[in-house]
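What's in my_file-v8.pdb: PDB, C-alpha atoms and all ligand atoms
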```
MODEL        1
ATOM      1  CA  MET A  25     -61.292  66.819  13.538
ATOM      2  CA  LEU A  26     -61.896  64.413  10.661
ATOM      3  CA  ASN A  27     -61.354  60.728  11.553
ATOM      4  CA  PRO A  28     -58.373  59.653   9.361
ATOM      5  CA  TYR A  29     -59.571  56.020   9.410
ATOM      6  CA  LEU A  30     -62.958  56.875   7.902
ATOM      7  CA  PRO A  31     -63.177  56.143   4.153
ATOM      8  CA  TYR A  32     -65.180  58.287   1.743
ATOM      9  CA  PRO A  33     -68.042  56.311   0.192
ATOM     10  CA  VAL A  34     -67.615  55.912  -3.587
ATOM     11  CA  ARG A  35     -69.611  54.230  -6.328
ATOM     12  CA  ILE A  36     -67.963  52.239  -9.124
ATOM     13  CA  SER A  37     -68.884  54.076 -12.320
ATOM     14  CA  ASP A  38     -66.815  52.072 -14.816
ATOM     15  CA  VAL A  39     -64.687  48.917 -14.932
ATOM     16  CA  ARG A  40     -62.221  48.195 -17.744
ATOM     17  CA  VAL A  41     -60.352  44.942 -18.177
ATOM     18  CA  GLU A  42     -56.794  46.063 -18.998
ATOM     19  CA  THR A  43     -54.809  42.911 -19.721
ATOM     20  CA  GLU A  44     -55.234  39.805 -21.848
ATOM     21  CA  ASP A  45     -55.140  37.543 -18.785
ATOM     22  CA  LYS A  46     -57.745  39.760 -17.005
ATOM     23  CA  THR A  47     -55.556  40.079 -13.879
ATOM     24  CA  LEU A  48     -55.594  43.881 -14.145
ATOM     25  CA  ARG A  49     -58.691  46.047 -14.210
ATOM     26  CA  THR A  50     -59.109  49.798 -14.044
ATOM     27  CA  PHE A  51     -61.899  50.970 -11.751
ATOM     28  CA  GLU A  52     -63.404  54.405 -12.082
ATOM     29  CA  PHE A  53     -65.047  55.769  -8.943
ATOM     30  CA  GLU A  54     -67.364  58.667  -8.287
ATOM     31  CA  PHE A  55     -67.770  60.133  -4.825
ATOM     32  CA  LEU A  56     -71.229  59.799  -3.307
ATOM     33  CA  HIS A  57     -70.874  63.292  -1.836
ATOM     34  CA  GLU A  58     -69.544  66.329  -3.708
ATOM     35  CA  LYS A  59     -67.819  67.651  -0.546
ATOM     36  CA  ASP A  60     -65.741  64.429  -0.354
ATOM     37  CA  ALA A  61     -64.604  64.881  -3.956
ATOM     38  CA  LYS A  62     -63.382  68.377  -3.019
ATOM     39  CA  ALA A  63     -61.636  67.117   0.125
ATOM     40  CA  PHE A  64     -59.794  64.423  -1.879
ATOM     41  CA  ALA A  65     -57.276  66.810  -3.493
ATOM     42  CA  TYR A  66     -54.262  64.809  -4.699
ATOM     43  CA  HIS A  67     -51.014  64.972  -6.705
ATOM     44  CA  PRO A  68     -49.476  62.465  -9.165
ATOM     45  CA  GLY A  69     -47.590  59.822  -7.165
ATOM     46  CA  GLN A  70     -49.986  59.582  -4.218
ATOM     47  CA  PHE A  71     -51.969  56.525  -3.235
ATOM     48  CA  ALA A  72     -55.172  55.689  -1.346
ATOM     49  CA  GLU A  73     -56.559  52.807   0.684
ATOM     50  CA  LEU A  74     -59.398  51.058  -1.149
ATOM     51  CA  SER A  75     -61.742  49.445   1.350
ATOM     52  CA  ILE A  76     -64.431  46.827   1.121
ATOM     53  CA  PRO A  77     -66.538  46.444   4.287
ATOM     54  CA  GLY A  78     -66.048  43.056   5.901
ATOM     55  CA  VAL A  79     -62.997  42.257   3.765
ATOM     56  CA  GLY A  80     -60.323  44.891   4.445
ATOM     57  CA  GLU A  81     -58.393  47.632   2.725
ATOM     58  CA  SER A  82     -55.358  47.799   0.439
ATOM     59  CA  PRO A  83     -53.050  50.615  -0.615
ATOM     60  CA  ILE A  84     -53.357  51.330  -4.358
ATOM     61  CA  GLY A  85     -51.677  54.084  -6.403
ATOM     62  CA  ILE A  86     -53.951  56.735  -7.887
ATOM     63  CA  ALA A  87     -53.888  56.226 -11.664
ATOM     64  CA  SER A  88     -55.939  59.288 -12.608
ATOM     65  CA  SER A  89     -54.602  62.823 -12.698
ATOM     66  CA  PRO A  90     -56.154  65.701 -10.739
ATOM     67  CA  THR A  91     -56.383  67.444 -14.135
ATOM     68  CA  GLU A  92     -59.078  64.916 -15.143
ATOM     69  CA  GLY A  93     -61.693  66.498 -12.869
ATOM     70  CA  ASN A  94     -63.619  64.258 -10.504
ATOM     71  CA  LYS A  95     -62.633  61.096 -12.389
ATOM     72  CA  LEU A  96     -60.814  58.852  -9.895
ATOM     73  CA  LEU A  97     -59.055  55.817 -11.373
ATOM     74  CA  PHE A  98     -57.213  52.871  -9.851
ATOM     75  CA  THR A  99     -55.687  50.026 -11.841
ATOM     76  CA  VAL A 100     -55.678  46.947  -9.662
ATOM     77  CA  PHE A 101     -53.895  43.603  -9.949
ATOM     78  CA  ARG A 102     -55.893  40.655  -8.595
ATOM     79  CA  ALA A 103     -53.468  39.684  -5.827
ATOM     80  CA  GLY A 104     -55.189  38.608  -2.618
ATOM     81  CA  SER A 105     -58.284  39.084  -0.495
ATOM     82  CA  VAL A 106     -59.275  42.729  -1.117
ATOM     83  CA  THR A 107     -58.223  42.965  -4.753
ATOM     84  CA  SER A 108     -59.906  39.642  -5.669
ATOM     85  CA  LYS A 109     -63.155  40.811  -4.082
ATOM     86  CA  LEU A 110     -62.842  44.127  -5.942
ATOM     87  CA  HIS A 111     -62.352  42.306  -9.247
ATOM     88  CA  GLY A 112     -65.743  40.675  -8.615
ATOM     89  CA  MET A 113     -67.508  44.013  -8.113
ATOM     90  CA  LYS A 114     -69.445  45.840 -10.807
ATOM     91  CA  VAL A 115     -70.678  49.259 -11.883
ATOM     92  CA  GLY A 116     -73.014  50.719  -9.244
ATOM     93  CA  ASP A 117     -71.434  48.896  -6.281
ATOM     94  CA  VAL A 118     -70.453  51.103  -3.342
ATOM     95  CA  MET A 119     -67.197  50.845  -1.377
ATOM     96  CA  GLY A 120     -64.667  53.111   0.391
ATOM     97  CA  VAL A 121     -61.627  55.194  -0.492
ATOM     98  CA  ARG A 122     -59.376  56.619   2.238
ATOM     99  CA  GLY A 123     -56.798  59.223   1.316
ATOM    100  CA  PRO A 124     -55.081  60.716  -0.541
ATOM    101  CA  MET A 125     -51.953  59.413   1.160
ATOM    102  CA  GLY A 126     -48.204  59.814   1.023
ATOM    103  CA  ASN A 127     -46.038  62.301  -0.801
ATOM    104  CA  TRP A 128     -45.793  62.828  -4.569
ATOM    105  CA  TYR A 129     -43.348  63.244  -7.434
ATOM    106  CA  PRO A 130     -41.478  66.553  -7.003
ATOM    107  CA  LEU A 131     -42.631  68.092 -10.286
ATOM    108  CA  ASP A 132     -43.333  71.625  -9.035
ATOM    109  CA  GLN A 133     -39.778  71.840  -7.612
ATOM    110  CA  ASN A 134     -38.259  70.795 -10.957
ATOM    111  CA  GLU A 135     -39.869  73.196 -13.379
ATOM    112  CA  GLY A 136     -37.957  73.786 -16.609
ATOM    113  CA  LYS A 137     -36.243  70.388 -16.521
ATOM    114  CA  ASN A 138     -36.379  67.435 -18.910
ATOM    115  CA  LEU A 139     -38.079  64.347 -17.518
ATOM    116  CA  VAL A 140     -37.173  60.688 -17.880
ATOM    117  CA  ILE A 141     -40.035  58.542 -16.650
ATOM    118  CA  ILE A 142     -39.275  54.844 -16.212
ATOM    119  CA  ALA A 143     -41.987  52.296 -15.441
ATOM    120  CA  GLY A 144     -42.158  48.531 -15.203
ATOM    121  CA  GLY A 145     -45.244  46.304 -15.020
ATOM    122  CA  TYR A 146     -48.360  47.578 -13.301
ATOM    123  CA  ALA A 147     -46.331  50.053 -11.239
ATOM    124  CA  VAL A 148     -46.966  52.341 -14.223
ATOM    125  CA  THR A 149     -50.232  53.460 -12.548
ATOM    126  CA  THR A 150     -48.982  56.581 -10.751
ATOM    127  CA  LEU A 151     -46.811  57.417 -13.761
ATOM    128  CA  ARG A 152     -49.966  57.410 -15.912
ATOM    129  CA  SER A 153     -51.239  60.041 -13.469
ATOM    130  CA  THR A 154     -47.997  61.965 -13.997
ATOM    131  CA  MET A 155     -48.105  61.711 -17.807
ATOM    132  CA  VAL A 156     -51.720  62.876 -17.963
ATOM    133  CA  TRP A 157     -50.920  65.730 -15.567
ATOM    134  CA  LEU A 158     -47.999  66.755 -17.794
ATOM    135  CA  GLN A 159     -50.253  66.804 -20.896
ATOM    136  CA  ASP A 160     -52.426  69.477 -19.342
ATOM    137  CA  PRO A 161     -51.673  72.738 -21.221
ATOM    138  CA  LYS A 162     -51.056  74.529 -17.898
ATOM    139  CA  ASN A 163     -48.304  72.068 -17.013
ATOM    140  CA  ARG A 164     -46.785  70.989 -20.345
ATOM    141  CA  SER A 165     -45.051  74.313 -21.026
ATOM    142  CA  ARG A 166     -43.393  74.192 -17.599
ATOM    143  CA  PHE A 167     -41.166  71.229 -18.527
ATOM    144  CA  GLY A 168     -38.735  70.284 -21.297
ATOM    145  CA  GLU A 169     -38.594  67.032 -23.226
ATOM    146  CA  ILE A 170     -40.176  63.892 -21.815
ATOM    147  CA  ASP A 171     -38.876  60.363 -22.360
ATOM    148  CA  PHE A 172     -41.351  57.762 -21.145
ATOM    149  CA  ILE A 173     -39.801  54.291 -20.912
ATOM    150  CA  TYR A 174     -42.211  51.518 -20.034
ATOM    151  CA  GLY A 175     -42.021  47.753 -20.180
ATOM    152  CA  ALA A 176     -44.301  44.781 -19.602
ATOM    153  CA  ARG A 177     -43.752  41.042 -19.964
ATOM    154  CA  THR A 178     -45.915  40.662 -23.074
ATOM    155  CA  PRO A 179     -47.875  42.995 -25.402
ATOM    156  CA  GLY A 180     -51.080  41.711 -23.767
ATOM    157  CA  MET A 181     -49.865  42.899 -20.333
ATOM    158  CA  LEU A 182     -49.280  46.519 -21.387
ATOM    159  CA  LEU A 183     -51.572  49.022 -19.695
ATOM    160  CA  TYR A 184     -52.963  52.207 -21.272
ATOM    161  CA  ARG A 185     -51.700  51.326 -24.800
ATOM    162  CA  ASP A 186     -54.072  53.663 -26.659
ATOM    163  CA  GLU A 187     -53.295  56.544 -24.344
ATOM    164  CA  MET A 188     -49.565  56.094 -24.848
ATOM    165  CA  GLU A 189     -50.004  56.421 -28.590
ATOM    166  CA  ALA A 190     -51.791  59.728 -28.025
ATOM    167  CA  TRP A 191     -48.981  60.978 -25.704
ATOM    168  CA  GLN A 192     -46.385  60.035 -28.291
ATOM    169  CA  ASN A 193     -48.111  62.206 -30.891
ATOM    170  CA  LYS A 194     -47.869  65.300 -28.721
ATOM    171  CA  GLY A 195     -44.768  67.495 -29.127
ATOM    172  CA  GLY A 196     -41.712  66.787 -27.024
ATOM    173  CA  VAL A 197     -42.840  63.393 -25.714
ATOM    174  CA  ARG A 198     -41.060  60.183 -26.733
ATOM    175  CA  CYS A 199     -42.611  56.911 -25.605
ATOM    176  CA  HIS A 200     -40.291  53.883 -25.593
ATOM    177  CA  VAL A 201     -42.496  50.888 -24.924
ATOM    178  CA  THR A 202     -40.892  47.480 -24.623
ATOM    179  CA  VAL A 203     -41.877  43.867 -23.987
ATOM    180  CA  ASP A 204     -39.524  41.216 -22.619
ATOM    181  CA  ARG A 205     -38.984  39.335 -25.906
ATOM    182  CA  GLU A 206     -40.224  39.134 -29.502
ATOM    183  CA  PHE A 207     -43.891  38.409 -30.220
ATOM    184  CA  PRO A 208     -45.546  37.919 -33.641
ATOM    185  CA  ASP A 209     -47.981  40.837 -33.125
ATOM    186  CA  TRP A 210     -45.391  43.230 -31.699
ATOM    187  CA  ASN A 211     -43.388  45.737 -33.776
ATOM    188  CA  GLY A 212     -42.090  47.798 -30.872
ATOM    189  CA  LEU A 213     -38.997  47.516 -28.685
ATOM    190  CA  THR A 214     -37.972  44.265 -27.043
ATOM    191  CA  GLY A 215     -35.856  43.643 -23.943
ATOM    192  CA  PHE A 216     -36.059  44.452 -20.242
ATOM    193  CA  VAL A 217     -36.519  48.043 -19.110
ATOM    194  CA  PRO A 218     -32.927  48.519 -17.801
ATOM    195  CA  ALA A 219     -31.561  47.327 -21.193
ATOM    196  CA  VAL A 220     -33.756  49.858 -23.011
ATOM    197  CA  VAL A 221     -32.587  52.606 -20.641
ATOM    198  CA  GLU A 222     -28.998  51.571 -21.396
ATOM    199  CA  ARG A 223     -29.622  51.730 -25.173
ATOM    200  CA  LEU A 224     -31.247  55.160 -24.921
ATOM    201  CA  ALA A 225     -28.641  56.464 -22.464
ATOM    202  CA  PRO A 226     -30.784  59.427 -21.322
ATOM    203  CA  LYS A 227     -28.743  62.558 -20.637
ATOM    204  CA  PRO A 228     -28.783  63.789 -17.054
ATOM    205  CA  ASP A 229     -28.248  67.473 -17.958
ATOM    206  CA  ASN A 230     -31.004  69.624 -16.464
ATOM    207  CA  ALA A 231     -33.160  66.522 -15.943
ATOM    208  CA  ILE A 232     -34.768  64.333 -13.315
ATOM    209  CA  ALA A 233     -35.803  60.672 -13.532
ATOM    210  CA  LEU A 234     -38.950  59.228 -11.974
ATOM    211  CA  VAL A 235     -38.784  55.457 -11.544
ATOM    212  CA  CYS A 236     -41.491  53.027 -10.468
ATOM    213  CA  GLY A 237     -41.440  49.285 -10.966
ATOM    214  CA  PRO A 238     -40.811  45.909  -9.391
ATOM    215  CA  PRO A 239     -37.705  45.701  -7.130
ATOM    216  CA  VAL A 240     -35.724  43.719  -9.750
ATOM    217  CA  MET A 241     -36.296  46.434 -12.367
ATOM    218  CA  ILE A 242     -35.249  49.153  -9.944
ATOM    219  CA  LYS A 243     -32.176  47.148  -8.893
ATOM    220  CA  PHE A 244     -30.894  46.913 -12.472
ATOM    221  CA  THR A 245     -32.014  50.380 -13.619
ATOM    222  CA  GLN A 246     -30.120  52.294 -10.952
ATOM    223  CA  PRO A 247     -26.593  51.238 -12.083
ATOM    224  CA  VAL A 248     -27.523  52.080 -15.692
ATOM    225  CA  LEU A 249     -28.494  55.613 -14.677
ATOM    226  CA  ASP A 250     -25.279  55.841 -12.620
ATOM    227  CA  LYS A 251     -23.290  54.819 -15.710
ATOM    228  CA  CYS A 252     -25.045  57.529 -17.746
ATOM    229  CA  GLY A 253     -23.875  60.125 -15.218
ATOM    230  CA  TRP A 254     -27.068  60.622 -13.213
ATOM    231  CA  LYS A 255     -26.595  61.834  -9.622
ATOM    232  CA  SER A 256     -28.524  60.368  -6.677
ATOM    233  CA  ASP A 257     -30.456  63.601  -6.122
ATOM    234  CA  GLN A 258     -31.788  63.537  -9.717
ATOM    235  CA  ILE A 259     -33.462  60.133  -9.356
ATOM    236  CA  PHE A 260     -36.827  59.664  -7.609
ATOM    237  CA  LEU A 261     -38.182  56.208  -6.855
ATOM    238  CA  SER A 262     -41.574  55.149  -5.624
ATOM    239  CA  LEU A 263     -41.492  52.262  -3.131
ATOM    240  CA  GLU A 264     -44.112  49.658  -2.406
ATOM    241  CA  ASN A 265     -44.012  48.400   1.136
ATOM    242  CA  ARG A 266     -46.228  46.434   3.439
ATOM    243  CA  MET A 267     -48.777  48.903   4.783
ATOM    244  CA  LYS A 268     -51.770  48.971   7.065
ATOM    245  CA  CYS A 269     -52.811  52.391   8.379
ATOM    246  CA  GLY A 270     -51.235  54.458   5.572
ATOM    247  CA  ILE A 271     -50.865  57.456   7.892
ATOM    248  CA  GLY A 272     -47.699  56.801   9.910
ATOM    249  CA  ILE A 273     -49.314  55.267  13.002
ATOM    250  CA  CYS A 274     -49.076  51.446  12.885
ATOM    251  CA  GLY A 275     -45.342  51.276  12.091
ATOM    252  CA  ARG A 276     -45.752  48.430   9.596
ATOM    253  CA  CYS A 277     -44.165  50.124   6.602
ATOM    254  CA  ASN A 278     -41.029  51.635   8.070
ATOM    255  CA  VAL A 279     -37.600  51.432   6.462
ATOM    256  CA  GLY A 280     -35.041  52.670   8.982
ATOM    257  CA  HIS A 281     -36.485  55.862  10.443
ATOM    258  CA  GLN A 282     -38.757  56.551   7.454
ATOM    259  CA  TYR A 283     -42.409  55.571   7.124
ATOM    260  CA  VAL A 284     -42.974  54.672   3.479
ATOM    261  CA  CYS A 285     -46.680  55.583   3.774
ATOM    262  CA  LYS A 286     -46.086  59.073   5.153
ATOM    263  CA  ASP A 287     -42.509  60.107   4.265
ATOM    264  CA  GLY A 288     -42.859  58.299   0.887
ATOM    265  CA  PRO A 289     -43.767  56.402  -1.188
ATOM    266  CA  VAL A 290     -41.548  58.715  -3.322
ATOM    267  CA  PHE A 291     -37.916  59.053  -2.198
ATOM    268  CA  SER A 292     -34.883  60.441  -3.962
ATOM    269  CA  LYS A 293     -32.110  57.916  -4.464
ATOM    270  CA  ALA A 294     -29.961  60.191  -2.288
ATOM    271  CA  GLU A 295     -32.463  59.655   0.563
ATOM    272  CA  LEU A 296     -32.589  55.890  -0.021
ATOM    273  CA  ASP A 297     -28.788  55.663   0.023
ATOM    274  CA  GLU A 298     -29.027  56.704   3.694
ATOM    275  CA  LEU A 299     -31.501  53.920   4.575
ATOM    276  CA  PRO A 300     -30.924  50.227   5.381
ATOM    277  CA  VAL A 301     -31.345  48.020   2.274
ATOM    278  CA  GLU A 302     -34.611  46.418   3.320
ATOM    279  CA  TYR A 303     -36.992  47.821   0.748
TER     280      TYR A 303
HETATM  281  C1  LIG B 401     -47.976  52.679  -2.155
HETATM  282  C2  LIG B 401     -48.525  51.447  -2.833
HETATM  283  C3  LIG B 401     -49.128  51.546  -4.065
HETATM  284  C4  LIG B 401     -49.667  50.398  -4.688
HETATM  285  N1  LIG B 401     -50.269  50.554  -5.902
HETATM  286  C5  LIG B 401     -50.856  49.495  -6.484
HETATM  287  C6  LIG B 401     -51.573  49.655  -7.710
HETATM  288  O1  LIG B 401     -51.660  50.740  -8.282
HETATM  289  N2  LIG B 401     -52.170  48.550  -8.218
HETATM  290  C7  LIG B 401     -52.089  47.321  -7.607
HETATM  291  O2  LIG B 401     -52.674  46.368  -8.133
HETATM  292  N3  LIG B 401     -51.409  47.144  -6.470
HETATM  293  C8  LIG B 401     -50.798  48.195  -5.890
HETATM  294  N4  LIG B 401     -50.134  48.026  -4.693
HETATM  295  C9  LIG B 401     -49.972  46.656  -4.160
HETATM  296  C10 LIG B 401     -51.181  46.196  -3.349
HETATM  297  O3  LIG B 401     -51.392  47.052  -2.260
HETATM  298  C11 LIG B 401     -50.899  44.738  -2.847
HETATM  299  O4  LIG B 401     -50.818  43.861  -3.942
HETATM  300  C12 LIG B 401     -51.912  44.163  -1.861
HETATM  301  O5  LIG B 401     -52.013  45.008  -0.755
HETATM  302  C13 LIG B 401     -53.245  43.860  -2.471
HETATM  303  O6  LIG B 401     -54.171  43.602  -1.413
HETATM  304  P1  LIG B 401     -54.953  42.236  -1.219
HETATM  305  O7  LIG B 401     -55.715  42.339   0.064
HETATM  306  O8  LIG B 401     -55.735  41.919  -2.434
HETATM  307  O9  LIG B 401     -53.799  41.206  -1.104
HETATM  308  P2  LIG B 401     -53.372  40.316   0.171
HETATM  309  O10 LIG B 401     -54.488  39.406   0.531
HETATM  310  O11 LIG B 401     -52.804  41.196   1.212
HETATM  311  O12 LIG B 401     -52.235  39.464  -0.545
HETATM  312  C14 LIG B 401     -50.929  39.989  -0.655
HETATM  313  C15 LIG B 401     -49.987  38.958  -1.253
HETATM  314  O13 LIG B 401     -50.205  37.635  -0.860
HETATM  315  C16 LIG B 401     -50.396  36.792  -1.985
HETATM  316  N5  LIG B 401     -51.545  35.900  -1.786
HETATM  317  C17 LIG B 401     -52.725  36.199  -1.227
HETATM  318  N6  LIG B 401     -53.545  35.128  -1.229
HETATM  319  C18 LIG B 401     -52.851  34.140  -1.808
HETATM  320  C19 LIG B 401     -53.138  32.774  -2.105
HETATM  321  N7  LIG B 401     -54.302  32.217  -1.804
HETATM  322  N8  LIG B 401     -52.177  32.044  -2.716
HETATM  323  C20 LIG B 401     -50.993  32.600  -3.026
HETATM  324  N9  LIG B 401     -50.660  33.860  -2.773
HETATM  325  C21 LIG B 401     -51.570  34.621  -2.167
HETATM  326  C22 LIG B 401     -50.708  37.675  -3.117
HETATM  327  O14 LIG B 401     -50.151  37.154  -4.318
HETATM  328  C23 LIG B 401     -50.055  38.952  -2.748
HETATM  329  O15 LIG B 401     -48.740  39.007  -3.246
HETATM  330  C24 LIG B 401     -49.573  49.131  -4.068
HETATM  331  C25 LIG B 401     -48.953  49.038  -2.825
HETATM  332  C26 LIG B 401     -48.434  50.169  -2.201
HETATM  333  C27 LIG B 401     -47.788  50.042  -0.856
HETATM  334  S1  LIG B 402     -48.693  51.868   7.074
HETATM  335 FE1  LIG B 402     -48.895  52.294   9.165
HETATM  336  S2  LIG B 402     -47.131  53.462   9.605
HETATM  337 FE2  LIG B 402     -47.085  53.227   7.424
ENDMDL
END
```
Is it possible to give me this structure as structure tokens?
Ligand SMILES: Cc1cc2nc3c(=O)[nH]c(=O)nc-3n(C[C@H](O)[C@H](O)[C@@H](O)COP(=O)(O)OP(=O)(O)OC[C@H]3O[C@@H](n4cnc5c(N)ncnc54)[C@H](O)[C@@H]3O)c2cc1C
Ligand code: FES
Amino acid sequence: MLNPYLPYPVRISDVRVETEDKTLRTFEFEFLHEKDAKAFAYHPGQFAELSIPGVGESPIGIASSPTEGNKLLFTVFRAGSVTSKLHGMKVGDVMGVRGPMGNWYPLDQNEGKNLVIIAGGYAVTTLRSTMVWLQDPKNRSRFGEIDFIYGARTPGMLLYRDEMEAWQNKGGVRCHVTVDREFPDWNGLTGFVPAVVERLAPKPDNAIALVCGPPVMIKFTQPVLDKCGWKSDQIFLSLENRMKCGIGICGRCNVGHQYVCKDGPVFSKAELDELPVEY
């Protein structure tokens, strides 16, 4: 049996600075061994533990899509010990990736539906994976219209800006990108994500919503969707919780009887309504 604590060795093959303040970088990894790349089969919405020997490991959402071949991307905010060390690493350096972990957005179960995808801040990572997955010709025809609503504090903090422009130009995708307030170099939407959702008032008919963002964004987005007539079983949220093992053993991430690492990180709002409000 494979040891679930053993990371796959990966080499950094590219590093991109994403934001003006350099706090977010996207790392591209390649597996050292082809068999590991095959074993790491994942879905949009899953995460992995990035590990640096002697420092530790941290759960990070997978930003690439399985439709992008062996390209494995993670967009990482420089937060604490592991992520700061990672920000100092360069192309060619070797480290570990353990996963894929957790569940994923229920796209296969919702074929034929319209999608409303709502992201705030750097939580957009796994929704990038979703958007790229949806662009794949094999998948695009399986879904209806897509509204992608995404907000960051400033234009300089927006991730994947060029890619979003390309998504927007494909049929049936509307990108609504917003920043918190007006900026001289910004001609797009302004205002917080929940306010933009309220203005757009997305229709719940034959649709599901995927939401990922900081707790405050989620807190204020949920009542807006309620007001627009969305039911709890149409809304899927991805939670970030304190994690260690990532595989349902250490008990650090639990909310009520659910382990966020194993039973989540994606939960329907209907499921969350049953849990204590501690996430
Ligand atoms: C399912 C899941 C998906 C995630 N996806 C992503 C992702 O895609 N991208 C991403 O960037 N993050 C993501 N995270 C969050 C990430 O795991 C955390 O930010 C954290 O674990 C980073 O690890 P670290 O060792 O660098 O931070 P830690 O050292 O564990 O620090 C954690 C916290 O302590 C604070 N802290 C640490 N040192 C100091 C200090 N000296 N002074 C003040 N404050 C300090 C940090 O601000 C941070 O908030 C995800 C988390 C989960 C659970
Ligand atoms: S992180 Fe260990 S049980 Fe979830």
**Study point:** Gly270 in chain A surroundings by all atoms listed in the file, 9 Å radius, close-in-sequence under 2 positions cut, as a PyMOL selection string
**Key:** chain A and resi 72-73+83+123+125-126+267-268+272-274+277+284-286
Pull the closest atom pair for each residue of chain A that gets at most 7 Å from ligand LIG 401 (chain B), along with the distance in Å to one decimal, counting all atoms listed in the file, ordering rows by chain and then ascending residue number, as JSON lines.
```
{"residue": "A:Phe71", "atom": "CA", "partner": "B:LIG401", "partner_atom": "C1", "distance": 5.6}
{"residue": "A:Gly80", "atom": "CA", "partner": "B:LIG401", "partner_atom": "O7", "distance": 6.9}
{"residue": "A:Glu81", "atom": "CA", "partner": "B:LIG401", "partner_atom": "O7", "distance": 6.5}
{"residue": "A:Ser82", "atom": "CA", "partner": "B:LIG401", "partner_atom": "O5", "distance": 4.5}
{"residue": "A:Pro83", "atom": "CA", "partner": "B:LIG401", "partner_atom": "O3", "distance": 4.3}
{"residue": "A:Ile84", "atom": "CA", "partner": "B:LIG401", "partner_atom": "N1", "distance": 3.5}
{"residue": "A:Gly85", "atom": "CA", "partner": "B:LIG401", "partner_atom": "N1", "distance": 3.8}
{"residue": "A:Ile86", "atom": "CA", "partner": "B:LIG401", "partner_atom": "O1", "distance": 6.4}
{"residue": "A:Ala87", "atom": "CA", "partner": "B:LIG401", "partner_atom": "O1", "distance": 6.8}
{"residue": "A:Phe98", "atom": "CA", "partner": "B:LIG401", "partner_atom": "O1", "distance": 6.2}
{"residue": "A:Thr99", "atom": "CA", "partner": "B:LIG401", "partner_atom": "N2", "distance": 5.3}
{"residue": "A:Val100", "atom": "CA", "partner": "B:LIG401", "partner_atom": "O2", "distance": 3.4}
{"residue": "A:Phe101", "atom": "CA", "partner": "B:LIG401", "partner_atom": "O2", "distance": 3.5}
{"residue": "A:Arg102", "atom": "CA", "partner": "B:LIG401", "partner_atom": "O8", "distance": 6.3}
{"residue": "A:Ala103", "atom": "CA", "partner": "B:LIG401", "partner_atom": "C22", "distance": 4.4}
{"residue": "A:Gly104", "atom": "CA", "partner": "B:LIG401", "partner_atom": "O9", "distance": 3.3}
{"residue": "A:Ser105", "atom": "CA", "partner": "B:LIG401", "partner_atom": "O10", "distance": 3.9}
{"residue": "A:Val106", "atom": "CA", "partner": "B:LIG401", "partner_atom": "O7", "distance": 3.8}
{"residue": "A:Thr107", "atom": "CA", "partner": "B:LIG401", "partner_atom": "O8", "distance": 3.6}
{"residue": "A:Ser108", "atom": "CA", "partner": "B:LIG401", "partner_atom": "O8", "distance": 5.7}
{"residue": "A:Tyr146", "atom": "CA", "partner": "B:LIG401", "partner_atom": "N2", "distance": 6.4}
{"residue": "A:Ala147", "atom": "CA", "partner": "B:LIG401", "partner_atom": "O1", "distance": 6.1}
{"residue": "A:Thr149", "atom": "CA", "partner": "B:LIG401", "partner_atom": "O1", "distance": 5.3}
{"residue": "A:Thr150", "atom": "CA", "partner": "B:LIG401", "partner_atom": "O1", "distance": 6.9}
{"residue": "A:Leu263", "atom": "CA", "partner": "B:LIG401", "partner_atom": "C1", "distance": 6.6}
{"residue": "A:Glu264", "atom": "CA", "partner": "B:LIG401", "partner_atom": "C27", "distance": 4.0}
{"residue": "A:Asn265", "atom": "CA", "partner": "B:LIG401", "partner_atom": "C27", "distance": 4.6}
{"residue": "A:Arg266", "atom": "CA", "partner": "B:LIG401", "partner_atom": "C27", "distance": 5.8}
{"residue": "A:Met267", "atom": "CA", "partner": "B:LIG401", "partner_atom": "C27", "distance": 5.8}
{"residue": "A:Cys285", "atom": "CA", "partner": "B:LIG401", "partner_atom": "C1", "distance": 6.7}
{"residue": "A:Pro289", "atom": "CA", "partner": "B:LIG401", "partner_atom": "C1", "distance": 5.7}
```
Check your understanding: For the file shown, what are the residues hit by the PyMOL selection byres (((chain A and resi 118) around 6) and not hetatm), laid out as JSON, numbers by chain?
Key -> {"A": [34, 35, 117, 119]}
Exercise for review: Could you check which of A:Gln246, A:Ser292, A:Asn278, A:Ser262 is closest to ligand LIG 402 (chain B), using only C-alpha atoms and all ligand atoms?
Suggested key: A:Asn278
Box for range 115-133 of chain A - axis-aligned, 4 Å on each of the six sides, all listed atoms - centre and size in Å to one decimal, as AutoDock Vina command-line options.
```
--center_x -56.4 --center_y 60.4 --center_z -4.8 --size_x 41.2 --size_y 30.9 --size_z 22.1
```
Check your understanding: What does the distance between CA of Asn193 in chain A and CA of Gln159 in chain A come to in Å, to one decimal place?
Key ->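 For CA of Asn193 in chain A relative to CA of Gln159 in chain A, the distance reads 11.2 Å.
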Review point. Around (-60.7, 51.3, -9.6) in the file's frame, which residues reach within 8 Å when counting all atoms listed in the file? Return as a PyMOL selection string?
Key: chain A and resi 36+39+49-53+96-100
